[in-house]
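Visitor: One structure, as structure tokens, below. Some questions next.
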Amino acid sequence: MTNPLHPSNTHRSGFVNIIGRPNVGKSTLMNTLVGERMSIITSKPQTTRHRIIGIVSGDDFQMVFSDTPGIIKNPAYKMQEAMNRFAHSAFEDADLLLFITDIYEKYEDNDPVLQQLKDSEVPKFFILNKIDQAKANEVAHLTAWWSERVDFQAVIPISALQRTNTAEMLEQIKSALPEGPEYYPKDQLTDRPERFFVSEIIREKILELYKQEIPYSTEVVVERFKETKTTKGENLVEIMAHIYVSRETQKMIILGKNGSSIKALGTEARKSIETWLESKVFLDLHVKVRDNWRDDERMLKHFGYEL
């Protein structure tokens, strides 16, 4: 039998959109499939704000994965409304949908997402995550509940973190994709520039180091990204980034006493950026206040949200 991930006479390709609620493991799954850090992974919900593409290619296939923001039930800001538009558009512009939930999530029959899945004519896979934490018969019960309500082409229990069944899932995805062209160069991993991922790494560290509302009130924009050399001839990337917050009090919290907090943030972010870029990094962080930017359409467009 031919391994679907190994060369054959045909080339299969397509766009595979990962959808689901916040914090069910969409970003972990994306990163596991692509093999690179494409999306922020933290224990806090609503960490993915934009659609992020990750590309997996072989001689005879190309899978273009799209990690979407988690669907927010009651958006409180225009920013969250924009995030929901990213997420809901994923139901329409895919060759294959990966609907992911986990063993802890509860859905009701009247949930709008359930109806969207029923109405969507795009082929769908049901992905049940975190099975490594499941109790006896829990996986069987949940997969049966979903299979009774939505016509899925495949039902795949996984642990994205432990990589359980993810290789088998890749094989099933490839088999489900149509014959098609190479949409991106085979060695390309994403459609986003390096500075986008740098801003995501900085935002990830804000999520890890600050509490309560602060992480959700910040946006990071890389204003300068310059590759140069040190005096010793080593590669150096000079980065200057602005951290936007909604209020002056939030700026003071980001800075900390005598600048101690932003110094710690800069140190942690620089280490991760250096690992990701495989280069020495000089990181310069600044904090700016933009009142209520999450409801400011002009600022949201500047930050890359589609309104």
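Letters A, B, ... go to the chains of the structure tokens in the order shown; residues in each chain start at 1; ligands are counted from 1 in the same order.
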So which residues touch range 129-143 of chain A within 12 Å, counting only C-alpha atoms, skipping near sequence neighbours fewer than 6 positions away, as a PyMOL selection string?
Guide: chain A and resi 20+23-29+98-107+149-152+154-166
Visitor: When you look at Phe225 in chain A with a cut-off of 12 Å (counting only C-alpha atoms), what residues show up, excluding the ones that are within fewer than 2 positions of it in the same chain? I need them as a PyMOL selection string.
Guide: chain A and resi 193-199+221-223+227-228+236-241+277+281-284
Visitor: When distances are computed from only C-alpha atoms, which of A:Glu81, A:Asp187, A:Glu268, A:Glu204 shows the smallest separation from Ser57 in chain A?
Guide: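 Among the listed residues, the smallest separation from Ser57 in chain A belongs to A:Asp187.
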Visitor: Enumerate, as a PyMOL selection string, the complete set of residues in range 181-307 of chain A that a backbone-based DSSP assignment places in strand (DSSP E).
Guide: chain A and resi 219-229+235-245+280-289
Visitor: Based on the selection just made, write N, CA and C atoms of those residues as an mmCIF file, in the first residue's frame.
Guide:
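Writing done, so here's out-v5.cif:
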```
data_model
loop_
_atom_site.group_PDB
_atom_site.id
_atom_site.type_symbol
_atom_site.label_atom_id
_atom_site.label_comp_id
_atom_site.auth_asym_id
_atom_site.auth_seq_id
_atom_site.Cartn_x
_atom_site.Cartn_y
_atom_site.Cartn_z
ATOM 1 N N GLU A 219 -1.440 45.596 22.136
ATOM 2 C CA GLU A 219 -1.154 45.181 20.759
ATOM 3 C C GLU A 219 0.302 45.551 20.494
ATOM 4 N N VAL A 220 1.001 44.741 19.725
ATOM 5 C CA VAL A 220 2.422 44.960 19.470
ATOM 6 C C VAL A 220 2.643 45.177 17.975
ATOM 7 N N VAL A 221 3.367 46.220 17.636
ATOM 8 C CA VAL A 221 3.706 46.511 16.242
ATOM 9 C C VAL A 221 5.223 46.669 16.136
ATOM 10 N N VAL A 222 5.840 45.885 15.261
ATOM 11 C CA VAL A 222 7.276 46.017 15.017
ATOM 12 C C VAL A 222 7.483 47.138 14.015
ATOM 13 N N GLU A 223 8.114 48.209 14.460
ATOM 14 C CA GLU A 223 8.315 49.383 13.617
ATOM 15 C C GLU A 223 9.627 49.319 12.831
ATOM 16 N N ARG A 224 10.603 48.588 13.373
ATOM 17 C CA ARG A 224 11.884 48.486 12.661
ATOM 18 C C ARG A 224 12.423 47.079 12.812
ATOM 19 N N PHE A 225 12.887 46.516 11.701
ATOM 20 C CA PHE A 225 13.461 45.163 11.678
ATOM 21 C C PHE A 225 14.626 45.224 10.700
ATOM 22 N N LYS A 226 15.826 45.339 11.232
ATOM 23 C CA LYS A 226 16.999 45.566 10.391
ATOM 24 C C LYS A 226 18.050 44.501 10.660
ATOM 25 N N GLU A 227 18.438 43.787 9.601
ATOM 26 C CA GLU A 227 19.488 42.782 9.715
ATOM 27 C C GLU A 227 20.842 43.435 9.445
ATOM 28 N N THR A 228 21.781 43.205 10.360
ATOM 29 C CA THR A 228 23.098 43.827 10.235
ATOM 30 C C THR A 228 24.138 42.862 10.801
ATOM 31 N N LYS A 229 25.330 43.375 11.081
ATOM 32 C CA LYS A 229 26.415 42.567 11.628
ATOM 33 C C LYS A 229 26.970 43.238 12.880
ATOM 34 N N ASN A 235 25.822 37.760 12.868
ATOM 35 C CA ASN A 235 24.524 38.269 12.439
ATOM 36 C C ASN A 235 23.812 38.937 13.613
ATOM 37 N N LEU A 236 23.217 40.089 13.356
ATOM 38 C CA LEU A 236 22.486 40.831 14.374
ATOM 39 C C LEU A 236 21.213 41.391 13.754
ATOM 40 N N VAL A 237 20.096 41.241 14.472
ATOM 41 C CA VAL A 237 18.834 41.828 14.032
ATOM 42 C C VAL A 237 18.437 42.911 15.031
ATOM 43 N N GLU A 238 18.322 44.120 14.533
ATOM 44 C CA GLU A 238 17.911 45.249 15.376
ATOM 45 C C GLU A 238 16.399 45.431 15.232
ATOM 46 N N ILE A 239 15.701 45.333 16.359
ATOM 47 C CA ILE A 239 14.235 45.379 16.351
ATOM 48 C C ILE A 239 13.762 46.481 17.282
ATOM 49 N N MET A 240 12.866 47.314 16.791
ATOM 50 C CA MET A 240 12.203 48.303 17.630
ATOM 51 C C MET A 240 10.705 48.071 17.526
ATOM 52 N N ALA A 241 10.055 47.887 18.665
ATOM 53 C CA ALA A 241 8.624 47.571 18.677
ATOM 54 C C ALA A 241 7.874 48.496 19.615
ATOM 55 N N HIS A 242 6.642 48.823 19.226
ATOM 56 C CA HIS A 242 5.747 49.609 20.070
ATOM 57 C C HIS A 242 4.702 48.688 20.690
ATOM 58 N N ILE A 243 4.532 48.818 21.979
ATOM 59 C CA ILE A 243 3.468 48.113 22.691
ATOM 60 C C ILE A 243 2.357 49.124 22.950
ATOM 61 N N TYR A 244 1.204 48.901 22.335
ATOM 62 C CA TYR A 244 0.073 49.822 22.504
ATOM 63 C C TYR A 244 -0.830 49.321 23.629
ATOM 64 N N VAL A 245 -1.257 50.256 24.481
ATOM 65 C CA VAL A 245 -2.205 49.945 25.556
ATOM 66 C C VAL A 245 -3.363 50.942 25.497
ATOM 67 N N LYS A 280 21.629 36.794 16.874
ATOM 68 C CA LYS A 280 21.637 37.741 17.979
ATOM 69 C C LYS A 280 20.612 38.846 17.692
ATOM 70 N N VAL A 281 20.005 39.366 18.755
ATOM 71 C CA VAL A 281 18.950 40.361 18.601
ATOM 72 C C VAL A 281 19.191 41.523 19.557
ATOM 73 N N PHE A 282 19.026 42.724 19.041
ATOM 74 C CA PHE A 282 18.936 43.922 19.883
ATOM 75 C C PHE A 282 17.480 44.357 19.856
ATOM 76 N N LEU A 283 16.824 44.329 21.010
ATOM 77 C CA LEU A 283 15.386 44.602 21.082
ATOM 78 C C LEU A 283 15.129 45.878 21.865
ATOM 79 N N ASP A 284 14.431 46.802 21.256
ATOM 80 C CA ASP A 284 14.103 48.095 21.852
ATOM 81 C C ASP A 284 12.581 48.213 21.932
ATOM 82 N N LEU A 285 12.028 48.225 23.157
ATOM 83 C CA LEU A 285 10.579 48.263 23.359
ATOM 84 C C LEU A 285 10.132 49.627 23.862
ATOM 85 N N HIS A 286 9.018 50.112 23.320
ATOM 86 C CA HIS A 286 8.417 51.373 23.758
ATOM 87 C C HIS A 286 6.924 51.144 23.989
ATOM 88 N N VAL A 287 6.347 51.863 24.940
ATOM 89 C CA VAL A 287 4.920 51.728 25.255
ATOM 90 C C VAL A 287 4.189 53.000 24.852
ATOM 91 N N LYS A 288 3.089 52.837 24.114
ATOM 92 C CA LYS A 288 2.276 53.979 23.682
ATOM 93 C C LYS A 288 0.828 53.773 24.130
ATOM 94 N N VAL A 289 0.189 54.877 24.474
ATOM 95 C CA VAL A 289 -1.216 54.826 24.890
ATOM 96 C C VAL A 289 -2.101 55.276 23.728
#
```
Visitor: Residues within 9 Å of Val34 in chain A, please, as a list in words. Count only C-alpha atoms; anything in the same chain fewer than 2 positions from it doesn't count.
Guide: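 Contacts, in chain order: Leu29, Met30, Asn31, Thr32, Glu36, Arg37, Met38, Gly54, Ile55, Val56, Phe65 and Leu189 of chain A.
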Visitor: With C-alpha atoms retained, export the selected residues as a compact mmCIF listing (two decimals), in the first residue's frame.
Guide:
```txt
# COMPACT_ATOMS: atom_id res chain seq x y z
CA LEU A 29 -2.21 21.49 16.64
CA MET A 30 -1.08 23.92 13.95
CA ASN A 31 2.43 24.08 15.36
CA THR A 32 2.57 20.29 15.68
CA GLU A 36 7.44 25.33 13.59
CA ARG A 37 6.13 27.94 16.02
CA MET A 38 3.46 29.56 13.89
CA GLY A 54 1.23 27.28 8.05
CA ILE A 55 2.27 25.19 5.05
CA VAL A 56 3.17 21.49 4.99
CA PHE A 65 -3.32 25.16 7.21
CA LEU A 189 6.29 27.61 5.85
```
Visitor: Go through range 49-183 of chain A and collect every residue that DSSP, computed from the backbone, puts in alpha helix (DSSP H); the answer should be as a PyMOL selection string.
Guide: chain A and resi 78-89+112-119+138-147+166-176
Visitor: With only C-alpha atoms as the basis for distance, which of A:Glu248, A:Phe125, A:Ile52, A:Gly304 is at the shortest distance from Met169 in chain A?
Guide: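 Closest to Met169 in chain A, using only C-alpha atoms: A:Phe125.
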Visitor: Can you tell me, as a list in words, what residues are no more than 10 Å from Gly14 in chain A when counting only C-alpha atoms, ignoring any on the same chain fewer than 3 positions away?
Guide: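 The filter keeps Asn17, Phe61, Gln62, Met63, Val64, Phe65, Ala94, Asp95, Leu96, Ile173, Lys174, Ala176, Leu177, Pro178, Glu179, Gly180, Pro181, Glu182 and Tyr183 of chain A.
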Visitor: Restricting the output to C-alpha atoms, write the selected residues as a JSON list (two decimals), in the first residue's frame.
Guide:
```json
[["chain", "number", "residue", "atom", "x", "y", "z"],
["A", 17, "ASN", "CA", -8.94, 25.65, 8.11],
["A", 61, "PHE", "CA", 1.14, 17.28, -1.78],
["A", 62, "GLN", "CA", 0.73, 20.69, -0.19],
["A", 63, "MET", "CA", -1.49, 21.36, 2.82],
["A", 64, "VAL", "CA", -2.13, 25.03, 3.61],
["A", 65, "PHE", "CA", -3.32, 25.16, 7.21],
["A", 94, "ALA", "CA", -11.59, 25.99, 2.73],
["A", 95, "ASP", "CA", -11.18, 22.69, 0.92],
["A", 96, "LEU", "CA", -11.36, 20.94, 4.29],
["A", 173, "ILE", "CA", -6.08, 15.04, 5.45],
["A", 174, "LYS", "CA", -3.95, 14.46, 2.39],
["A", 176, "ALA", "CA", -9.25, 14.06, 1.51],
["A", 177, "LEU", "CA", -7.73, 16.92, -0.49],
["A", 178, "PRO", "CA", -8.42, 17.29, -4.22],
["A", 179, "GLU", "CA", -5.81, 17.10, -6.93],
["A", 180, "GLY", "CA", -4.36, 20.57, -7.24],
["A", 181, "PRO", "CA", -1.35, 22.77, -7.88],
["A", 182, "GLU", "CA", 1.49, 24.00, -5.71],
["A", 183, "TYR", "CA", 0.11, 27.22, -4.18]]
```
Visitor: For Trp293 in chain A, which residue among A:Ser246, A:Gln212, A:Ser66, A:Ser175 is the nearest when counting only C-alpha atoms?
Guide: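 Of all the options, A:Ser246 lies closest to Trp293 in chain A.
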